[in-house]
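Shown below: protein_38.cif, with mmCIF, C-alpha atoms.
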data_run
loop_
_atom_site.label_atom_id
_atom_site.label_comp_id
_atom_site.auth_asym_id
_atom_site.auth_seq_id
_atom_site.Cartn_x
_atom_site.Cartn_y
_atom_site.Cartn_z
CA MET U 641 -48.44 40.17 -176.07
CA ARG U 642 -45.32 39.53 -178.14
CA PRO U 643 -44.78 41.77 -181.20
CA GLU U 644 -45.15 38.86 -183.56
CA ALA U 645 -48.54 38.01 -182.06
CA GLN U 646 -49.62 41.66 -182.28
CA VAL U 647 -48.67 41.78 -185.93
CA ALA U 648 -50.55 38.58 -186.59
CA SER U 649 -53.67 39.97 -184.90
CA GLY U 650 -53.98 42.43 -187.77
CA GLY U 651 -53.80 46.20 -188.32
CA TRP U 652 -57.03 47.06 -186.50
CA GLY U 653 -55.70 45.82 -183.19
CA ARG U 654 -52.67 48.06 -183.54
CA ARG U 655 -54.81 51.02 -184.57
CA LEU U 656 -57.06 50.55 -181.56
CA ARG U 657 -53.98 50.39 -179.39
CA ALA U 658 -52.76 53.65 -180.93
CA VAL U 659 -56.04 55.34 -180.01
CA ARG U 660 -55.74 54.11 -176.42
CA GLU U 661 -52.12 55.29 -176.25
CA ALA U 662 -53.12 58.68 -177.64
CA GLY U 663 -55.74 59.01 -174.90
CA CYS U 664 -53.13 58.18 -172.27
CA LEU U 665 -50.68 60.72 -173.72
CA LEU U 666 -53.39 63.41 -173.65
CA LEU U 667 -53.88 62.70 -169.95
CA VAL U 668 -50.14 62.60 -169.21
CA ALA U 669 -49.70 66.05 -170.80
CA LEU U 670 -52.49 67.35 -168.59
CA VAL U 671 -50.41 66.81 -165.44
CA PRO U 672 -47.59 69.34 -166.11
CA ALA U 673 -50.11 71.71 -167.73
CA VAL U 674 -52.21 71.77 -164.56
CA VAL U 675 -49.08 72.28 -162.44
CA VAL U 676 -48.07 75.26 -164.62
CA TRP U 677 -51.62 76.61 -164.52
CA VAL U 678 -51.65 76.49 -160.72
CA TRP U 679 -48.09 77.60 -159.99
CA HIS U 680 -47.18 79.98 -162.83
CA PRO U 681 -48.85 83.31 -162.02
CA GLY U 682 -48.45 84.64 -165.56
CA ALA U 683 -49.99 81.60 -167.23
CA ARG U 684 -53.52 82.54 -166.22
CA VAL U 685 -53.36 86.04 -167.61
CA ASP U 686 -55.91 86.02 -170.39
CA ALA U 687 -54.59 86.38 -173.90
CA GLY U 688 -55.49 89.76 -175.25
CA SER U 689 -55.29 91.30 -171.81
CA THR U 690 -53.63 94.23 -173.50
CA ASP U 691 -56.76 96.31 -173.90
CA GLY U 692 -58.18 97.41 -177.17
CA VAL U 693 -59.66 100.88 -177.40
CA SER U 694 -61.86 102.35 -180.09
CA VAL U 695 -61.22 105.52 -182.06
CA ALA U 696 -64.32 107.09 -180.49
CA VAL U 697 -62.99 106.51 -176.97
CA VAL U 698 -59.49 107.80 -177.71
CA ARG U 699 -60.94 110.97 -179.21
CA GLN U 700 -62.59 111.71 -175.86
CA TRP U 701 -59.23 111.65 -174.10
CA PRO U 702 -57.31 114.94 -173.88
CA ALA U 703 -54.74 114.87 -176.70
CA GLU U 704 -51.89 115.75 -174.34
CA THR U 705 -52.52 112.60 -172.29
CA VAL U 706 -52.05 110.24 -175.25
CA LEU U 707 -48.77 108.96 -176.64
CA TRP U 708 -49.33 107.44 -180.08
CA VAL U 709 -47.13 104.57 -181.17
CA ASP U 710 -47.13 103.37 -184.78
CA ALA U 711 -46.40 99.62 -185.06
CA ARG U 712 -46.39 99.56 -188.88
CA ASN U 713 -43.18 99.29 -190.89
CA GLU U 714 -41.08 102.36 -191.66
CA ASP U 715 -42.35 102.81 -195.22
CA GLU U 716 -45.95 102.87 -194.08
CA TYR U 717 -45.05 105.28 -191.28
CA ARG U 718 -43.29 107.62 -193.69
CA ALA U 719 -46.26 107.50 -196.05
CA GLY U 720 -48.51 108.88 -193.33
CA HIS U 721 -49.12 108.57 -189.61
CA LEU U 722 -51.15 110.06 -186.80
CA PRO U 723 -49.94 113.48 -185.61
CA GLY U 724 -47.11 113.06 -183.10
CA ALA U 725 -47.01 109.27 -183.43
CA LEU U 726 -43.67 107.58 -182.77
CA SER U 727 -42.57 104.72 -185.01
CA LEU U 728 -41.99 101.42 -183.21
CA PRO U 729 -42.14 98.47 -185.64
CA GLU U 730 -41.26 95.11 -184.14
CA ALA U 731 -38.38 94.71 -186.58
CA ARG U 732 -36.68 97.85 -185.22
CA TRP U 733 -37.56 97.39 -181.55
CA GLU U 734 -34.05 97.85 -180.14
CA GLN U 735 -33.36 101.01 -182.17
CA GLN U 736 -36.74 102.68 -181.68
CA LEU U 737 -37.63 101.80 -178.09
CA PRO U 738 -35.26 104.48 -176.64
CA VAL U 739 -37.09 107.09 -178.76
CA VAL U 740 -40.40 106.02 -177.22
CA LEU U 741 -38.89 105.94 -173.71
CA GLU U 742 -37.68 109.51 -174.19
CA LYS U 743 -41.25 110.71 -174.74
CA TRP U 744 -43.03 108.35 -172.38
CA LEU U 745 -44.22 109.47 -168.96
CA PRO U 746 -46.01 107.22 -166.44
CA GLU U 747 -49.13 109.42 -166.52
CA LEU U 748 -49.51 109.12 -170.30
CA ARG U 749 -51.83 106.66 -172.02
CA VAL U 750 -49.96 104.79 -174.73
CA VAL U 751 -52.09 103.88 -177.76
CA VAL U 752 -50.49 101.58 -180.33
CA TYR U 753 -51.91 101.19 -183.82
CA CYS U 754 -51.11 99.26 -186.96
CA GLY U 755 -52.66 99.10 -190.43
CA GLY U 756 -56.19 97.89 -189.88
CA GLN U 757 -58.52 95.29 -188.43
CA ALA U 758 -56.54 92.31 -189.75
CA CYS U 759 -53.11 93.28 -188.46
CA GLN U 760 -51.98 92.07 -185.05
CA ALA U 761 -48.72 94.02 -184.69
CA SER U 762 -50.32 96.68 -182.48
CA GLN U 763 -51.40 94.04 -179.95
CA ARG U 764 -47.96 92.48 -179.88
CA VAL U 765 -46.21 95.84 -179.56
CA ALA U 766 -48.65 96.94 -176.83
CA ARG U 767 -47.98 93.75 -174.90
CA ARG U 768 -44.21 94.20 -175.20
CA LEU U 769 -44.52 97.81 -174.09
CA ARG U 770 -46.48 96.73 -171.06
CA GLU U 771 -43.72 94.30 -170.19
CA ASP U 772 -40.79 96.61 -170.95
CA LEU U 773 -42.24 99.81 -169.48
CA GLY U 774 -44.20 98.17 -166.68
CA ALA U 775 -46.98 100.57 -167.68
CA GLU U 776 -50.64 99.89 -166.98
CA GLU U 777 -52.21 102.16 -169.54
CA VAL U 778 -51.07 100.68 -172.81
CA TYR U 779 -53.80 100.10 -175.37
CA TYR U 780 -54.06 99.04 -178.98
CA LEU U 781 -56.31 100.94 -181.36
CA GLU U 782 -59.20 98.80 -182.61
CA GLY U 783 -59.35 98.95 -186.39
CA GLY U 784 -55.93 100.61 -186.55
CA TYR U 785 -54.92 103.40 -188.89
CA GLU U 786 -57.72 102.56 -191.34
CA ALA U 787 -60.35 103.08 -188.64
CA TRP U 788 -58.79 106.38 -187.63
CA ARG U 789 -58.72 107.68 -191.21
CA ARG U 790 -62.29 106.51 -191.73
CA GLU U 791 -63.63 108.19 -188.61
CA VAL U 792 -61.42 111.24 -188.33
CA GLY U 793 -60.66 111.69 -192.01
CA ARG U 794 -56.96 112.54 -191.89
CA VAL O 509 -33.54 51.89 -194.28
CA THR O 510 -33.96 51.60 -190.52
CA SER O 511 -31.54 54.48 -189.98
CA VAL O 512 -33.56 56.66 -192.40
CA LYS O 513 -36.73 55.86 -190.46
CA ALA O 514 -34.89 56.61 -187.20
CA LEU O 515 -33.74 59.96 -188.61
CA LEU O 516 -37.27 60.90 -189.71
CA LEU O 517 -38.57 59.92 -186.29
CA LEU O 518 -35.87 62.02 -184.67
CA LEU O 519 -36.75 64.96 -186.94
CA VAL O 520 -40.45 64.89 -186.01
CA ALA O 521 -39.70 64.34 -182.31
CA GLY O 522 -37.09 67.11 -182.33
CA LEU O 523 -39.48 69.60 -183.92
CA PHE O 524 -42.20 68.76 -181.41
CA MET O 525 -39.74 69.13 -178.54
CA TRP O 526 -38.45 72.46 -179.86
CA ALA O 527 -41.95 73.81 -180.41
CA GLY O 528 -43.15 72.59 -177.02
CA VAL O 529 -40.23 73.90 -174.96
CA ALA O 530 -40.21 77.30 -176.71
CA LYS O 531 -43.89 77.81 -175.92
CA ALA O 532 -43.80 76.27 -172.42
CA LEU O 533 -41.10 78.76 -171.41
CA ASP O 534 -43.36 81.73 -172.21
CA PRO O 535 -47.03 80.75 -171.80
CA VAL O 536 -48.19 84.36 -171.81
CA ALA O 537 -46.70 85.04 -175.25
CA ALA O 538 -47.99 81.68 -176.47
CA ALA O 539 -51.50 82.62 -175.34
CA GLN O 540 -51.32 85.81 -177.36
CA GLU O 541 -50.17 83.86 -180.43
CA VAL O 542 -53.11 81.45 -180.07
CA ALA O 543 -55.55 84.33 -179.51
CA ASN O 544 -54.25 86.06 -182.65
CA TYR O 545 -55.85 83.32 -184.75
CA ARG O 546 -59.25 84.48 -183.45
CA LEU O 547 -60.61 80.94 -183.50
CA VAL O 548 -61.24 80.72 -179.76
CA GLY O 549 -61.93 83.20 -176.97
CA PRO O 550 -59.19 84.59 -174.72
CA GLY O 551 -59.92 82.14 -171.89
CA LEU O 552 -59.66 79.05 -174.08
CA ALA O 553 -56.62 80.51 -175.87
CA THR O 554 -54.87 80.83 -172.51
CA ALA O 555 -55.77 77.26 -171.53
CA LEU O 556 -54.61 75.91 -174.90
CA ALA O 557 -51.36 77.88 -174.65
CA VAL O 558 -50.63 76.17 -171.33
CA TYR O 559 -51.69 72.67 -172.42
CA LEU O 560 -50.49 72.37 -176.05
CA PRO O 561 -46.75 72.90 -175.36
CA TRP O 562 -46.79 70.08 -172.80
CA LEU O 563 -48.70 67.86 -175.18
CA GLU O 564 -46.02 68.54 -177.81
CA ILE O 565 -43.26 67.68 -175.31
CA VAL O 566 -45.02 64.46 -174.25
CA VAL O 567 -45.58 63.49 -177.91
CA ALA O 568 -41.90 64.17 -178.68
CA LEU O 569 -40.79 61.87 -175.87
CA ALA O 570 -43.39 59.21 -176.70
CA LEU O 571 -42.25 59.07 -180.33
CA GLY O 572 -38.96 57.57 -179.16
CA VAL O 573 -40.52 54.77 -177.13
CA ARG O 574 -41.85 51.78 -179.08
CA ARG O 575 -44.61 51.14 -176.58
CA THR O 576 -46.14 54.60 -177.11
CA GLN O 577 -45.17 55.35 -180.73
CA GLY O 578 -48.59 54.53 -182.17
CA GLY O 579 -50.44 56.99 -179.97
CA ALA O 580 -47.74 59.62 -180.45
CA LEU O 581 -47.92 59.31 -184.25
CA LEU O 582 -51.72 59.51 -184.16
CA LEU O 583 -51.58 62.67 -182.03
CA SER O 584 -48.80 64.12 -184.23
CA GLY O 585 -50.98 63.70 -187.29
CA ILE O 586 -54.03 65.21 -185.60
CA LEU O 587 -52.01 68.17 -184.26
CA TYR O 588 -50.43 68.92 -187.64
CA GLY O 589 -53.84 68.61 -189.29
CA LEU O 590 -55.24 71.15 -186.83
CA PHE O 591 -52.26 73.49 -187.27
CA ILE O 592 -52.70 73.41 -191.05
CA ALA O 593 -56.44 74.06 -190.75
CA ALA O 594 -55.84 76.99 -188.36
CA LEU O 595 -53.21 78.52 -190.68
CA ALA O 596 -55.43 78.10 -193.73
CA SER O 597 -58.31 79.72 -191.85
CA ALA O 598 -56.17 82.70 -190.79
CA TRP O 599 -54.85 83.03 -194.36
CA GLY O 600 -58.38 82.95 -195.74
CA ARG O 601 -59.47 85.70 -193.35
CA GLY O 602 -56.48 87.88 -194.28
CA LEU O 603 -55.01 88.01 -190.77
CA ASP O 604 -51.48 89.39 -190.54
CA ILE O 605 -50.21 87.21 -187.71
CA ALA O 606 -47.10 85.27 -186.72
CA CYS O 607 -47.20 81.49 -187.01
CA GLY O 608 -46.53 80.92 -183.31
CA CYS O 609 -45.25 77.47 -184.31
CA PHE O 610 -42.05 77.75 -182.29
CA GLY O 611 -42.99 80.33 -179.69
CA ALA O 612 -43.42 84.07 -179.99
CA GLY O 613 -41.73 86.22 -182.60
CA GLY O 614 -40.78 85.56 -186.20
CA GLY O 615 -42.23 87.12 -189.32
CA THR O 616 -45.89 87.43 -190.12
CA GLY O 617 -48.04 86.33 -193.02
CA ASN O 618 -45.76 83.60 -194.50
CA TYR O 619 -48.73 81.27 -194.77
CA GLY O 620 -47.57 79.45 -197.90
CA LEU O 621 -44.26 78.55 -196.29
CA TRP O 622 -45.82 77.50 -192.98
CA ILE O 623 -48.55 75.39 -194.53
CA GLY O 624 -46.11 73.82 -196.99
CA ARG O 625 -43.72 72.94 -194.16
CA ASN O 626 -46.53 71.46 -192.08
CA LEU O 627 -47.85 69.46 -195.03
CA LEU O 628 -44.37 68.06 -195.58
CA LEU O 629 -44.16 67.04 -191.93
CA LEU O 630 -47.65 65.56 -192.08
CA GLY O 631 -46.43 63.48 -195.03
CA VAL O 632 -43.44 62.28 -193.00
CA ILE O 633 -45.74 61.41 -190.09
CA THR O 634 -48.02 59.45 -192.45
CA VAL O 635 -45.04 57.45 -193.75
CA LEU O 636 -43.89 56.75 -190.20
CA ALA O 637 -47.43 55.75 -189.17
CA ARG O 638 -47.60 53.23 -192.03
CA GLN O 639 -44.27 51.81 -190.89
CA TRP O 640 -45.59 51.61 -187.34
CA CYS O 641 -48.67 49.72 -188.55
CA ALA O 642 -46.33 47.21 -190.15
CA ASP O 643 -44.28 47.10 -186.93
CA ARG O 644 -41.18 48.32 -188.72
CA LEU O 645 -40.40 51.42 -186.72
CA PRO O 646 -37.28 51.62 -184.53
CA GLY O 647 -37.41 52.96 -180.98
CA PHE O 648 -36.44 52.37 -177.38
CA GLY O 649 -37.86 49.30 -175.67
CA GLY O 650 -39.30 46.16 -177.27
CA ARG O 651 -37.98 44.88 -180.59
CA LEU O 652 -39.02 44.88 -184.20
CA ALA O 653 -41.26 42.13 -185.51
CA THR O 654 -39.59 39.75 -187.90
CA THR O 655 -42.63 39.41 -190.15
CA PRO O 656 -44.54 42.24 -191.79
CA ALA O 657 -48.13 42.98 -190.78
CA ARG O 658 -51.03 41.98 -192.96
CA GLY O 659 -53.95 44.36 -193.54
#
Translate the structure described by the file into structure tokens.
Amino acid sequence: MRPEAQVASGGWGRRLRAVREAGCLLLVALVPAVVVWVWHPGARVDAGSTDGVSVAVVRQWPAETVLWVDARNEDEYRAGHLPGALSLPEARWEQQLPVVLEKWLPELRVVVYCGGQACQASQRVARRLREDLGAEEVYYLEGGYEAWRREVGR
Amino acid sequence: VTSVKALLLLLVAGLFMWAGVAKALDPVAAAQEVANYRLVGPGLATALAVYLPWLEIVVALALGVRRTQGGALLLSGILYGLFIAALASAWGRGLDIACGCFGAGGGTGNYGLWIGRNLLLLGVITVLARQWCADRLPGFGGRLATTPARG
């Protein structure tokens, strides 16, 4: 159909055509997505595969087997942190990662925490640590620093 | 006027392409960003993180072709509407997360800025969609109608 004829047929015809085109585009995008899904091994790793761990569980682990990492900003860290925790905010990753590497041993469990339930920095930092260290046992603390203070009281 | 419309079209297409490529290059990080919104489970977040970047790339390309502009504009509007709703929801729940708009990284919690930017782009898309309805939008292939649409 020539453009002039399409215009003359009114706006609804064009809108219906837009819906059909949108459907086609949704299907077209499915093709590369399926290819990536099948061929990219990392793509099927579930989001959130960096494990969360509760305060109660961490407290059952021997203290010497846990390396605490604080993902909050420097001011929050200075204001108070878990005993022995190393500061590793995302904004200072390059500067602080060597400090963590100095203390890290493959047999240690790394537990990353941030402010509380709403913050996501601990999950992001834990994921980056998994990638950079190649470590299996990297966890984020569910409920973060707030949960720890609430349950342990310090 | 046509060159202004072409520039706006290029802006929207460019942003979709940038967002799509950035996320398609790192689907694992993109999945984490989607999961951070806590609107869907990890499995669906992973699937969305693989599919959405390619949809954004396809929409970016389709915006430049007259034959597919209508569908691309419709999807652009729906996607931006969904992004705005997701951001507003995360803001309302007090989540301290990154936007994830252009891949992993970036600051967290700038909801006002992100929603404002997306609303602006949704406005641009609406203007372009109205122009498309009147068959006055430039693009590759076909040619512009000489008479404006009625209705």
Residues within 10 Å of His721 in chain U, all atoms listed in the file, excluding chain neighbours under 5 positions, as a ChimeraX atom specification: /U:708-710,712,716,726-727,753-754,785,789,794
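When only C-alpha atoms are used to measure the gap to chain U, the shortest distance among O:Phe591, O:Ile623, O:Leu603, O:Gly522 belongs to O:Leu603.
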Apply the PyMOL selection byres ((chain O) within 7 of (chain U)) to the file shown and report the selected residues as an NGL selection string. :O and (535-536 or 539-540 or 543-544 or 550-551 or 553-554 or 558-559 or 562-563 or 566 or 576 or 578-580 or 582-583 or 602-605 or 641 or 643 or 653 or 657-659)
Keeping C-alpha atoms, export the residues of the selection given above as a PDB file, keeping the file's coordinate frame.
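selection_22.pdb was written with the following content:
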ATOM      1  CA  PRO O 535     -47.030  80.750-171.800  1.00  0.00           C
ATOM      2  CA  VAL O 536     -48.190  84.360-171.810  1.00  0.00           C
ATOM      3  CA  ALA O 539     -51.500  82.620-175.340  1.00  0.00           C
ATOM      4  CA  GLN O 540     -51.320  85.810-177.360  1.00  0.00           C
ATOM      5  CA  ALA O 543     -55.550  84.330-179.510  1.00  0.00           C
ATOM      6  CA  ASN O 544     -54.250  86.060-182.650  1.00  0.00           C
ATOM      7  CA  PRO O 550     -59.190  84.590-174.720  1.00  0.00           C
ATOM      8  CA  GLY O 551     -59.920  82.140-171.890  1.00  0.00           C
ATOM      9  CA  ALA O 553     -56.620  80.510-175.870  1.00  0.00           C
ATOM     10  CA  THR O 554     -54.870  80.830-172.510  1.00  0.00           C
ATOM     11  CA  VAL O 558     -50.630  76.170-171.330  1.00  0.00           C
ATOM     12  CA  TYR O 559     -51.690  72.670-172.420  1.00  0.00           C
ATOM     13  CA  TRP O 562     -46.790  70.080-172.800  1.00  0.00           C
ATOM     14  CA  LEU O 563     -48.700  67.860-175.180  1.00  0.00           C
ATOM     15  CA  VAL O 566     -45.020  64.460-174.250  1.00  0.00           C
ATOM     16  CA  THR O 576     -46.140  54.600-177.110  1.00  0.00           C
ATOM     17  CA  GLY O 578     -48.590  54.530-182.170  1.00  0.00           C
ATOM     18  CA  GLY O 579     -50.440  56.990-179.970  1.00  0.00           C
ATOM     19  CA  ALA O 580     -47.740  59.620-180.450  1.00  0.00           C
ATOM     20  CA  LEU O 582     -51.720  59.510-184.160  1.00  0.00           C
ATOM     21  CA  LEU O 583     -51.580  62.670-182.030  1.00  0.00           C
ATOM     22  CA  GLY O 602     -56.480  87.880-194.280  1.00  0.00           C
ATOM     23  CA  LEU O 603     -55.010  88.010-190.770  1.00  0.00           C
ATOM     24  CA  ASP O 604     -51.480  89.390-190.540  1.00  0.00           C
ATOM     25  CA  ILE O 605     -50.210  87.210-187.710  1.00  0.00           C
ATOM     26  CA  CYS O 641     -48.670  49.720-188.550  1.00  0.00           C
ATOM     27  CA  ASP O 643     -44.280  47.100-186.930  1.00  0.00           C
ATOM     28  CA  ALA O 653     -41.260  42.130-185.510  1.00  0.00           C
ATOM     29  CA  ALA O 657     -48.130  42.980-190.780  1.00  0.00           C
ATOM     30  CA  ARG O 658     -51.030  41.980-192.960  1.00  0.00           C
ATOM     31  CA  GLY O 659     -53.950  44.360-193.540  1.00  0.00           C
TER      32      GLY O 659
END
Residues selected by the PyMOL selection byres ((chain O and resi 512) around 12), written as a short mmCIF file (atom, residue, chain, number, x, y, z; two decimals) with C-alpha atoms, in the frame of the given file:
data_model
loop_
_atom_site.label_atom_id
_atom_site.label_comp_id
_atom_site.auth_asym_id
_atom_site.auth_seq_id
_atom_site.Cartn_x
_atom_site.Cartn_y
_atom_site.Cartn_z
CA VAL O 509 -33.54 51.89 -194.28
CA THR O 510 -33.96 51.60 -190.52
CA SER O 511 -31.54 54.48 -189.98
CA LYS O 513 -36.73 55.86 -190.46
CA ALA O 514 -34.89 56.61 -187.20
CA LEU O 515 -33.74 59.96 -188.61
CA LEU O 516 -37.27 60.90 -189.71
CA LEU O 517 -38.57 59.92 -186.29
CA LEU O 518 -35.87 62.02 -184.67
CA LEU O 519 -36.75 64.96 -186.94
CA VAL O 632 -43.44 62.28 -193.00
CA VAL O 635 -45.04 57.45 -193.75
CA LEU O 636 -43.89 56.75 -190.20
CA GLN O 639 -44.27 51.81 -190.89
CA ARG O 644 -41.18 48.32 -188.72
CA LEU O 645 -40.40 51.42 -186.72
CA PRO O 646 -37.28 51.62 -184.53
#
Reference answer for the PyMOL selection byres ((chain O and resi 595) around 9), as an NGL selection string: :O and (545 or 590-594 or 596-600 or 607 or 619 or 622-623)
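Nearest residue to Leu523 in chain O, choosing from O:Leu556, O:Val542, O:Leu569, O:Trp640 and counting all atoms listed in the file: O:Leu569.
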Between CA of Cys609 in chain O and CA of Ala530 in chain O, what is the spacing in Å? 9.1 Å
Interatomic distance, CA of Gly585 in chain O to CA of Ala538 in chain O (Å, one decimal):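 Taking CA of Gly585 in chain O as the start and CA of Ala538 in chain O as the end point, the length is 21.2 Å.
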Do you know which residues are at most 10 Å from Leu773 in chain U counting only C-alpha atoms, after dropping those on the same chain fewer than 5 positions away, and could you put them as an NGL selection string? :U and (737 or 741 or 744-746 or 767-768 or 778)
For Leu748 in chain U, which residue out of U:Trp788, U:Trp679, U:Trp733, U:Tyr779 is the nearest one, using all atoms listed in the file?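 Counting all atoms listed in the file, the residue closest to Leu748 in chain U is U:Tyr779.
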What is the distance, in Å and to one decimal place, between CA of Arg732 in chain U and CA of Gly615 in chain O?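 Calculated distance between CA of Arg732 in chain U and CA of Gly615 in chain O is 12.8 Å.
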Select all residues near (-51.8, 106.6, -173.8) (cut-off 6 Å, inclusive, file coordinates), counting only C-alpha atoms, and output them as a PyMOL selection string. chain U and resi 706-707+748-751
Nearest to Gly784 in chain U: which of U:Gly692, U:Pro729, U:Gly724, U:Pro738 is it, counting only C-alpha atoms?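 Closest residue, counting only C-alpha atoms: U:Gly692.
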